[in-house]
>>> print(open('data.cif').read())   # mmCIF, C-alpha atoms
data_data
#
loop_
_atom_site.label_atom_id
_atom_site.label_comp_id
_atom_site.auth_asym_id
_atom_site.auth_seq_id
_atom_site.Cartn_x
_atom_site.Cartn_y
_atom_site.Cartn_z
CA MET A 253 42.61 -16.97 -109.06
CA ASN A 254 44.55 -19.93 -110.35
CA THR A 255 45.72 -19.06 -113.88
CA GLN A 256 44.70 -22.51 -115.10
CA THR A 257 41.16 -21.94 -113.82
CA LEU A 258 41.01 -18.50 -115.42
CA SER A 259 42.17 -19.92 -118.74
CA GLU A 260 39.69 -22.81 -118.56
CA TYR A 261 36.89 -20.43 -117.57
CA LYS A 262 37.58 -18.15 -120.52
CA GLU A 263 37.68 -21.13 -122.89
CA VAL A 264 34.26 -22.34 -121.73
CA ILE A 265 32.75 -18.86 -121.92
CA GLU A 266 34.15 -18.31 -125.44
CA LEU A 267 32.45 -21.54 -126.57
CA CYS A 268 29.16 -20.50 -124.95
CA LYS A 269 29.34 -16.96 -126.32
CA GLU A 270 29.97 -18.18 -129.85
CA LEU A 271 26.85 -20.36 -129.71
CA PHE A 272 24.87 -17.50 -128.14
CA LYS A 273 25.98 -15.20 -130.95
CA LYS A 274 25.01 -17.68 -133.67
CA LYS A 275 21.62 -18.35 -132.10
CA THR A 276 21.01 -14.62 -131.73
CA LEU A 277 21.85 -14.14 -135.39
CA ASP A 278 19.52 -17.06 -136.31
CA TYR A 279 16.58 -16.30 -133.99
CA GLY A 280 17.07 -12.75 -132.83
CA THR A 281 16.11 -12.20 -129.21
CA ALA A 282 12.97 -14.35 -129.21
CA TRP A 283 13.85 -15.22 -125.59
CA ARG A 284 12.87 -11.65 -124.61
CA ILE A 285 9.24 -12.80 -124.62
CA LEU A 286 9.99 -15.07 -121.65
CA ARG A 287 9.25 -13.93 -118.14
CA LEU A 288 11.98 -14.65 -115.60
CA PRO A 289 10.17 -17.72 -114.12
CA SER A 290 10.02 -19.21 -117.64
CA ILE A 291 13.78 -18.78 -118.02
CA THR A 292 14.21 -20.41 -114.62
CA ASP A 293 12.16 -23.35 -115.86
CA GLN A 294 14.30 -23.60 -119.02
CA VAL A 295 17.40 -23.93 -116.83
CA PHE A 296 15.55 -26.43 -114.63
CA ILE A 297 14.64 -28.62 -117.62
CA LYS A 298 18.27 -28.78 -118.70
CA ALA A 299 19.56 -29.53 -115.18
CA GLN A 300 16.87 -32.16 -114.65
CA ARG A 301 17.84 -33.90 -117.91
CA ILE A 302 21.48 -33.99 -116.79
CA ARG A 303 20.50 -35.51 -113.44
CA SER A 304 18.20 -38.03 -115.11
CA ILE A 305 21.01 -39.17 -117.42
CA GLN A 306 23.43 -39.35 -114.49
CA GLU A 307 21.00 -41.53 -112.52
CA LYS A 308 19.97 -43.81 -115.42
CA GLY A 309 23.45 -44.11 -116.89
CA ILE A 310 22.08 -43.95 -120.43
CA GLN A 311 20.42 -41.36 -122.60
CA MET A 312 17.85 -41.75 -125.35
CA VAL A 313 18.27 -38.34 -127.02
CA ASN A 314 21.60 -37.97 -128.79
CA GLU A 315 22.50 -34.55 -127.37
CA PRO A 316 25.57 -34.54 -125.13
CA VAL A 317 25.31 -33.52 -121.48
CA ARG A 318 27.99 -30.97 -122.28
CA ASP A 319 25.52 -29.16 -124.54
CA GLU A 320 23.02 -28.97 -121.67
CA PHE A 321 25.63 -27.23 -119.50
CA ILE A 322 26.27 -24.77 -122.35
CA GLY A 323 22.53 -24.14 -122.46
CA ILE A 324 22.41 -23.59 -118.70
CA ILE A 325 25.26 -21.07 -118.91
CA ASN A 326 23.60 -19.14 -121.71
CA TYR A 327 20.15 -19.22 -120.11
CA CYS A 328 21.66 -17.94 -116.85
CA LEU A 329 23.18 -15.06 -118.79
CA ILE A 330 19.84 -14.49 -120.52
CA ALA A 331 18.15 -14.37 -117.09
CA LEU A 332 20.71 -11.88 -115.78
CA ILE A 333 20.35 -9.71 -118.89
CA GLN A 334 16.56 -9.97 -118.88
CA SER A 335 16.38 -9.02 -115.18
CA GLU A 336 17.85 -5.62 -116.02
CA ILE A 337 15.89 -4.82 -119.18
CA SER A 338 12.63 -2.93 -118.82
CA GLU A 339 9.52 -4.92 -119.67
CA THR A 340 8.55 -2.09 -122.01
CA ALA A 341 11.83 -2.26 -123.94
CA PRO A 342 11.60 -3.62 -127.49
CA LEU A 343 11.75 -7.40 -127.84
CA ASP A 344 14.34 -7.19 -130.59
CA ILE A 345 17.86 -6.30 -129.51
CA SER A 346 20.70 -6.43 -131.99
CA TYR A 347 23.68 -8.60 -131.17
CA VAL A 348 25.83 -5.45 -131.24
CA ASP A 349 23.72 -4.03 -128.38
CA LEU A 350 23.40 -7.37 -126.61
CA GLU A 351 27.08 -8.35 -126.59
CA PRO A 352 28.17 -5.75 -123.98
CA LYS A 353 25.39 -6.93 -121.66
CA TYR A 354 26.52 -10.54 -122.09
CA ASP A 355 30.15 -9.54 -121.46
CA TYR A 356 29.19 -7.46 -118.40
CA TRP A 357 27.47 -10.39 -116.70
CA VAL A 358 30.27 -12.79 -117.64
CA GLU A 359 32.78 -10.43 -116.02
CA GLU A 360 30.67 -9.88 -112.90
CA THR A 361 30.18 -13.62 -112.54
CA ARG A 362 33.87 -14.33 -113.12
CA LYS A 363 34.74 -11.85 -110.34
CA LEU A 364 32.34 -13.69 -108.04
CA LEU A 365 34.08 -16.95 -108.96
CA GLU A 366 37.47 -15.42 -108.23
CA ASN A 367 36.36 -14.32 -104.76
CA LYS A 368 34.72 -17.64 -103.92
CA ASN A 369 37.64 -19.63 -105.32
CA HIS A 370 39.95 -17.67 -103.02
CA ASP A 371 37.84 -18.46 -99.98
CA TYR A 372 37.01 -22.08 -100.84
CA GLY A 373 40.38 -23.04 -102.32
CA GLU A 374 38.93 -24.45 -105.56
CA ALA A 375 37.05 -27.14 -103.66
CA TRP A 376 34.91 -27.66 -106.77
CA ARG A 377 37.83 -29.50 -108.37
CA MET A 378 37.32 -32.30 -105.82
CA MET A 379 33.56 -32.47 -106.27
CA ARG A 380 31.65 -34.92 -108.42
CA ILE A 381 29.75 -33.56 -111.43
CA SER A 382 26.65 -35.28 -110.03
CA SER A 383 27.00 -33.32 -106.76
CA ILE A 384 27.40 -30.06 -108.65
CA THR A 385 24.29 -30.94 -110.67
CA ASP A 386 22.38 -31.43 -107.41
CA ILE A 387 23.57 -28.03 -106.16
CA ILE A 388 22.42 -26.44 -109.41
CA LEU A 389 18.97 -28.00 -108.94
CA MET A 390 18.86 -26.85 -105.30
CA LYS A 391 19.67 -23.29 -106.37
CA LEU A 392 16.93 -23.49 -109.00
CA TYR A 393 14.42 -24.49 -106.32
CA ARG A 394 15.62 -21.50 -104.30
CA ILE A 395 15.10 -19.20 -107.28
CA LYS A 396 11.60 -20.61 -107.83
CA GLN A 397 10.74 -19.95 -104.18
CA ILE A 398 12.07 -16.38 -104.39
CA GLU A 399 10.09 -15.85 -107.60
CA ASP A 400 6.96 -17.21 -105.91
CA ASN A 401 7.60 -14.69 -103.10
CA GLN A 402 7.77 -11.85 -105.66
CA GLY A 403 11.52 -11.51 -105.18
CA LYS A 404 11.33 -10.87 -101.44
CA THR A 405 13.81 -12.58 -99.14
CA LEU A 406 14.52 -12.19 -95.44
CA VAL A 407 18.20 -13.12 -95.31
CA SER A 408 18.95 -14.98 -98.53
CA GLU A 409 20.81 -14.05 -101.67
CA GLY A 410 18.61 -12.83 -104.46
CA ILE A 411 17.79 -14.30 -107.82
CA GLN A 412 20.77 -12.75 -109.63
CA ALA A 413 23.30 -14.20 -107.18
CA ASN A 414 21.77 -17.66 -107.56
CA PHE A 415 21.90 -17.46 -111.36
CA GLN A 416 25.54 -16.39 -111.11
CA ASP A 417 26.31 -19.38 -108.87
CA ILE A 418 24.55 -21.74 -111.30
CA LEU A 419 26.52 -20.25 -114.18
CA ASN A 420 29.81 -20.79 -112.33
CA TYR A 421 28.88 -24.33 -111.28
CA SER A 422 28.04 -25.12 -114.91
CA VAL A 423 31.43 -23.80 -116.03
CA PHE A 424 33.03 -26.07 -113.42
CA CYS A 425 31.14 -29.04 -114.86
CA MET A 426 32.29 -28.15 -118.38
CA ILE A 427 35.90 -28.04 -117.15
CA LYS A 428 35.52 -31.36 -115.33
CA LEU A 429 33.87 -33.00 -118.35
CA LYS A 430 36.76 -31.88 -120.54
CA GLU A 431 39.25 -33.33 -118.03
CA GLN A 432 37.35 -36.64 -117.99
CA ASN A 433 37.15 -36.88 -121.76
CA GLY A 434 40.72 -35.78 -122.33
#
>>> encode(input="data.cif", output="structure tokens")
Amino acid sequence: MNTQTLSEYKEVIELCKELFKKKTLDYGTAWRILRLPSITDQVFIKAQRIRSIQEKGIQMVNEPVRDEFIGIINYCLIALIQSEISETAPLDISYVDLEPKYDYWVEETRKLLENKNHDYGEAWRMMRISSITDIILMKLYRIKQIEDNQGKTLVSEGIQANFQDILNYSVFCMIKLKEQNG
């Protein structure tokens, strides 16, 4: 993978992880109460807000779009972590126990990015943030359909792969926003 992309990816993830850590220390793992479809809807809300702001050209709530992408990244990681934790496991997980799970999914998702970047030649760098937002929303509709089908698919990627793609697309948007804003 392009060393610039790897460096930018790590920078975005470090920012997201630091916020995740602070929120975990503030709130614990309250998100553990959420079922996977509820996490999907949390990601959807954030992506829909981004699209709405992109279409309207103005925003009424003074929270930057960048923060929504950070939220999407962290909620995707929460979904990936949650998908592997037993429903009977305790709701409270210490950050010390949670951090390796976070890091595992970041690494798995980064590897996926590396493979796709190789095949697609970093095409995302030539895409518009608005197009990437649309792809994120499309993938969320796919996840919702898979969830409604109790996780069964005939030929499609599963829920985890779609969350990983959304995570990577959100990192791309963060990189592109930084380039735009200098």
>>> resolve_selection(input="data.cif", expression="the PyMOL selection byres ((chain A and resi 299) around 12)", output="count of residues only")
43
>>> closest_residue(input="data.cif", among="A:Lys368, A:Lys269, A:Arg377, A:Arg287", to="A:Lys428", atoms="all atoms listed in the file")
A:Arg377
>>> closest_residue(input="data.cif", among="A:Ile345, A:Arg380, A:Ile330, A:Glu366", to="A:Phe415", atoms="all atoms listed in the file")
A:Ile330
>>> atom_distance(input="data.cif", atom1="atom CA of A:Asp417", atom2="atom CA of A:Ile265")
14.6 Å
>>> closest_residue(input="data.cif", among="A:Met312, A:Val348, A:Leu288, A:Leu365", to="A:Asp400", atoms="all atoms listed in the file")
A:Leu288
>>> decode(input="data.cif", residues="stretch 289-397 of chain A", atoms="C-alpha atoms", output="PDB file, in the first residue's frame")
ATOM      1  CA  PRO A 289     -29.490  -3.391  14.034  1.00  0.00           C
ATOM      2  CA  SER A 290     -29.462  -0.474  16.506  1.00  0.00           C
ATOM      3  CA  ILE A 291     -25.756   0.080  15.852  1.00  0.00           C
ATOM      4  CA  THR A 292     -26.495  -0.041  12.126  1.00  0.00           C
ATOM      5  CA  ASP A 293     -29.111   2.660  12.634  1.00  0.00           C
ATOM      6  CA  GLN A 294     -26.616   4.798  14.600  1.00  0.00           C
ATOM      7  CA  VAL A 295     -24.232   4.652  11.628  1.00  0.00           C
ATOM      8  CA  PHE A 296     -27.152   5.387   9.290  1.00  0.00           C
ATOM      9  CA  ILE A 297     -28.143   8.501  11.253  1.00  0.00           C
ATOM     10  CA  LYS A 298     -24.615   9.874  11.001  1.00  0.00           C
ATOM     11  CA  ALA A 299     -24.301   9.101   7.279  1.00  0.00           C
ATOM     12  CA  GLN A 300     -27.736  10.577   6.577  1.00  0.00           C
ATOM     13  CA  ARG A 301     -26.779  13.804   8.384  1.00  0.00           C
ATOM     14  CA  ILE A 302     -23.633  14.068   6.260  1.00  0.00           C
ATOM     15  CA  ARG A 303     -25.642  13.593   3.063  1.00  0.00           C
ATOM     16  CA  SER A 304     -28.272  16.092   4.183  1.00  0.00           C
ATOM     17  CA  ILE A 305     -25.588  18.724   4.853  1.00  0.00           C
ATOM     18  CA  GLN A 306     -23.939  17.969   1.509  1.00  0.00           C
ATOM     19  CA  GLU A 307     -27.244  18.421  -0.320  1.00  0.00           C
ATOM     20  CA  LYS A 308     -28.391  21.542   1.567  1.00  0.00           C
ATOM     21  CA  GLY A 309     -24.983  23.187   1.642  1.00  0.00           C
ATOM     22  CA  ILE A 310     -25.554  24.464   5.173  1.00  0.00           C
ATOM     23  CA  GLN A 311     -25.882  22.940   8.609  1.00  0.00           C
ATOM     24  CA  MET A 312     -27.892  24.069  11.606  1.00  0.00           C
ATOM     25  CA  VAL A 313     -26.118  22.017  14.299  1.00  0.00           C
ATOM     26  CA  ASN A 314     -22.574  23.202  14.942  1.00  0.00           C
ATOM     27  CA  GLU A 315     -20.920  19.772  14.828  1.00  0.00           C
ATOM     28  CA  PRO A 316     -18.465  19.308  11.959  1.00  0.00           C
ATOM     29  CA  VAL A 317     -19.060  16.649   9.312  1.00  0.00           C
ATOM     30  CA  ARG A 318     -15.604  15.376  10.212  1.00  0.00           C
ATOM     31  CA  ASP A 319     -16.923  14.406  13.649  1.00  0.00           C
ATOM     32  CA  GLU A 320     -19.712  12.385  12.022  1.00  0.00           C
ATOM     33  CA  PHE A 321     -17.133  10.382  10.059  1.00  0.00           C
ATOM     34  CA  ILE A 322     -15.230   9.749  13.311  1.00  0.00           C
ATOM     35  CA  GLY A 323     -18.493   8.524  14.813  1.00  0.00           C
ATOM     36  CA  ILE A 324     -19.124   6.246  11.838  1.00  0.00           C
ATOM     37  CA  ILE A 325     -15.632   4.745  12.154  1.00  0.00           C
ATOM     38  CA  ASN A 326     -16.054   4.092  15.866  1.00  0.00           C
ATOM     39  CA  TYR A 327     -19.586   2.720  15.511  1.00  0.00           C
ATOM     40  CA  CYS A 328     -18.375   0.370  12.756  1.00  0.00           C
ATOM     41  CA  LEU A 329     -15.690  -0.876  15.126  1.00  0.00           C
ATOM     42  CA  ILE A 330     -18.298  -1.213  17.877  1.00  0.00           C
ATOM     43  CA  ALA A 331     -20.463  -3.275  15.490  1.00  0.00           C
ATOM     44  CA  LEU A 332     -17.533  -5.521  14.587  1.00  0.00           C
ATOM     45  CA  ILE A 333     -16.610  -5.982  18.250  1.00  0.00           C
ATOM     46  CA  GLN A 334     -20.221  -6.509  19.303  1.00  0.00           C
ATOM     47  CA  SER A 335     -20.763  -9.114  16.560  1.00  0.00           C
ATOM     48  CA  GLU A 336     -18.173 -11.345  18.205  1.00  0.00           C
ATOM     49  CA  ILE A 337     -19.161 -10.923  21.852  1.00  0.00           C
ATOM     50  CA  SER A 338     -21.659 -13.364  23.311  1.00  0.00           C
ATOM     51  CA  GLU A 339     -25.026 -11.862  24.194  1.00  0.00           C
ATOM     52  CA  THR A 340     -24.605 -13.376  27.658  1.00  0.00           C
ATOM     53  CA  ALA A 341     -21.253 -11.659  28.240  1.00  0.00           C
ATOM     54  CA  PRO A 342     -21.251  -8.858  30.820  1.00  0.00           C
ATOM     55  CA  LEU A 343     -22.245  -5.420  29.540  1.00  0.00           C
ATOM     56  CA  ASP A 344     -19.262  -3.780  31.195  1.00  0.00           C
ATOM     57  CA  ILE A 345     -15.902  -4.361  29.545  1.00  0.00           C
ATOM     58  CA  SER A 346     -12.840  -2.509  30.754  1.00  0.00           C
ATOM     59  CA  TYR A 347     -10.907  -0.444  28.246  1.00  0.00           C
ATOM     60  CA  VAL A 348      -7.894  -2.686  28.930  1.00  0.00           C
ATOM     61  CA  ASP A 349      -9.931  -5.681  27.689  1.00  0.00           C
ATOM     62  CA  LEU A 350     -11.612  -3.720  24.908  1.00  0.00           C
ATOM     63  CA  GLU A 351      -8.509  -2.157  23.363  1.00  0.00           C
ATOM     64  CA  PRO A 352      -7.141  -5.407  21.838  1.00  0.00           C
ATOM     65  CA  LYS A 353     -10.529  -6.052  20.219  1.00  0.00           C
ATOM     66  CA  TYR A 354     -10.546  -2.529  18.777  1.00  0.00           C
ATOM     67  CA  ASP A 355      -6.966  -2.966  17.518  1.00  0.00           C
ATOM     68  CA  TYR A 356      -7.757  -6.386  16.026  1.00  0.00           C
ATOM     69  CA  TRP A 357     -10.603  -5.023  13.901  1.00  0.00           C
ATOM     70  CA  VAL A 358      -8.583  -1.968  12.881  1.00  0.00           C
ATOM     71  CA  GLU A 359      -5.793  -4.253  11.668  1.00  0.00           C
ATOM     72  CA  GLU A 360      -8.153  -6.631   9.852  1.00  0.00           C
ATOM     73  CA  THR A 361      -9.866  -3.693   8.179  1.00  0.00           C
ATOM     74  CA  ARG A 362      -6.551  -2.075   7.256  1.00  0.00           C
ATOM     75  CA  LYS A 363      -5.459  -5.342   5.601  1.00  0.00           C
ATOM     76  CA  LEU A 364      -8.699  -5.331   3.610  1.00  0.00           C
ATOM     77  CA  LEU A 365      -7.947  -1.761   2.548  1.00  0.00           C
ATOM     78  CA  GLU A 366      -4.441  -2.742   1.498  1.00  0.00           C
ATOM     79  CA  ASN A 367      -5.762  -5.556  -0.704  1.00  0.00           C
ATOM     80  CA  LYS A 368      -8.489  -3.428  -2.263  1.00  0.00           C
ATOM     81  CA  ASN A 369      -6.143  -0.479  -2.764  1.00  0.00           C
ATOM     82  CA  HIS A 370      -3.802  -2.795  -4.659  1.00  0.00           C
ATOM     83  CA  ASP A 371      -6.571  -3.977  -6.955  1.00  0.00           C
ATOM     84  CA  TYR A 372      -8.328  -0.627  -7.417  1.00  0.00           C
ATOM     85  CA  GLY A 373      -5.223   1.569  -7.573  1.00  0.00           C
ATOM     86  CA  GLU A 374      -6.426   4.026  -4.910  1.00  0.00           C
ATOM     87  CA  ALA A 375      -9.383   5.058  -7.056  1.00  0.00           C
ATOM     88  CA  TRP A 376     -10.966   6.551  -3.926  1.00  0.00           C
ATOM     89  CA  ARG A 377      -8.537   9.473  -4.195  1.00  0.00           C
ATOM     90  CA  MET A 378     -10.359  10.562  -7.367  1.00  0.00           C
ATOM     91  CA  MET A 379     -13.837  10.177  -5.894  1.00  0.00           C
ATOM     92  CA  ARG A 380     -15.996  12.915  -4.449  1.00  0.00           C
ATOM     93  CA  ILE A 381     -16.775  12.804  -0.720  1.00  0.00           C
ATOM     94  CA  SER A 382     -20.470  13.002  -1.668  1.00  0.00           C
ATOM     95  CA  SER A 383     -20.123   9.836  -3.796  1.00  0.00           C
ATOM     96  CA  ILE A 384     -18.368   8.019  -0.980  1.00  0.00           C
ATOM     97  CA  THR A 385     -21.171   9.109   1.364  1.00  0.00           C
ATOM     98  CA  ASP A 386     -23.702   7.607  -1.058  1.00  0.00           C
ATOM     99  CA  ILE A 387     -21.747   4.336  -1.126  1.00  0.00           C
ATOM    100  CA  ILE A 388     -21.719   4.285   2.680  1.00  0.00           C
ATOM    101  CA  LEU A 389     -25.505   4.717   2.703  1.00  0.00           C
ATOM    102  CA  MET A 390     -25.914   1.982   0.063  1.00  0.00           C
ATOM    103  CA  LYS A 391     -23.842  -0.402   2.183  1.00  0.00           C
ATOM    104  CA  LEU A 392     -25.972   0.470   5.210  1.00  0.00           C
ATOM    105  CA  TYR A 393     -29.117  -0.443   3.266  1.00  0.00           C
ATOM    106  CA  ARG A 394     -27.426  -3.725   2.364  1.00  0.00           C
ATOM    107  CA  ILE A 395     -26.632  -4.385   6.029  1.00  0.00           C
ATOM    108  CA  LYS A 396     -30.235  -3.613   7.006  1.00  0.00           C
ATOM    109  CA  GLN A 397     -31.489  -6.081   4.394  1.00  0.00           C
TER     110      GLN A 397
END
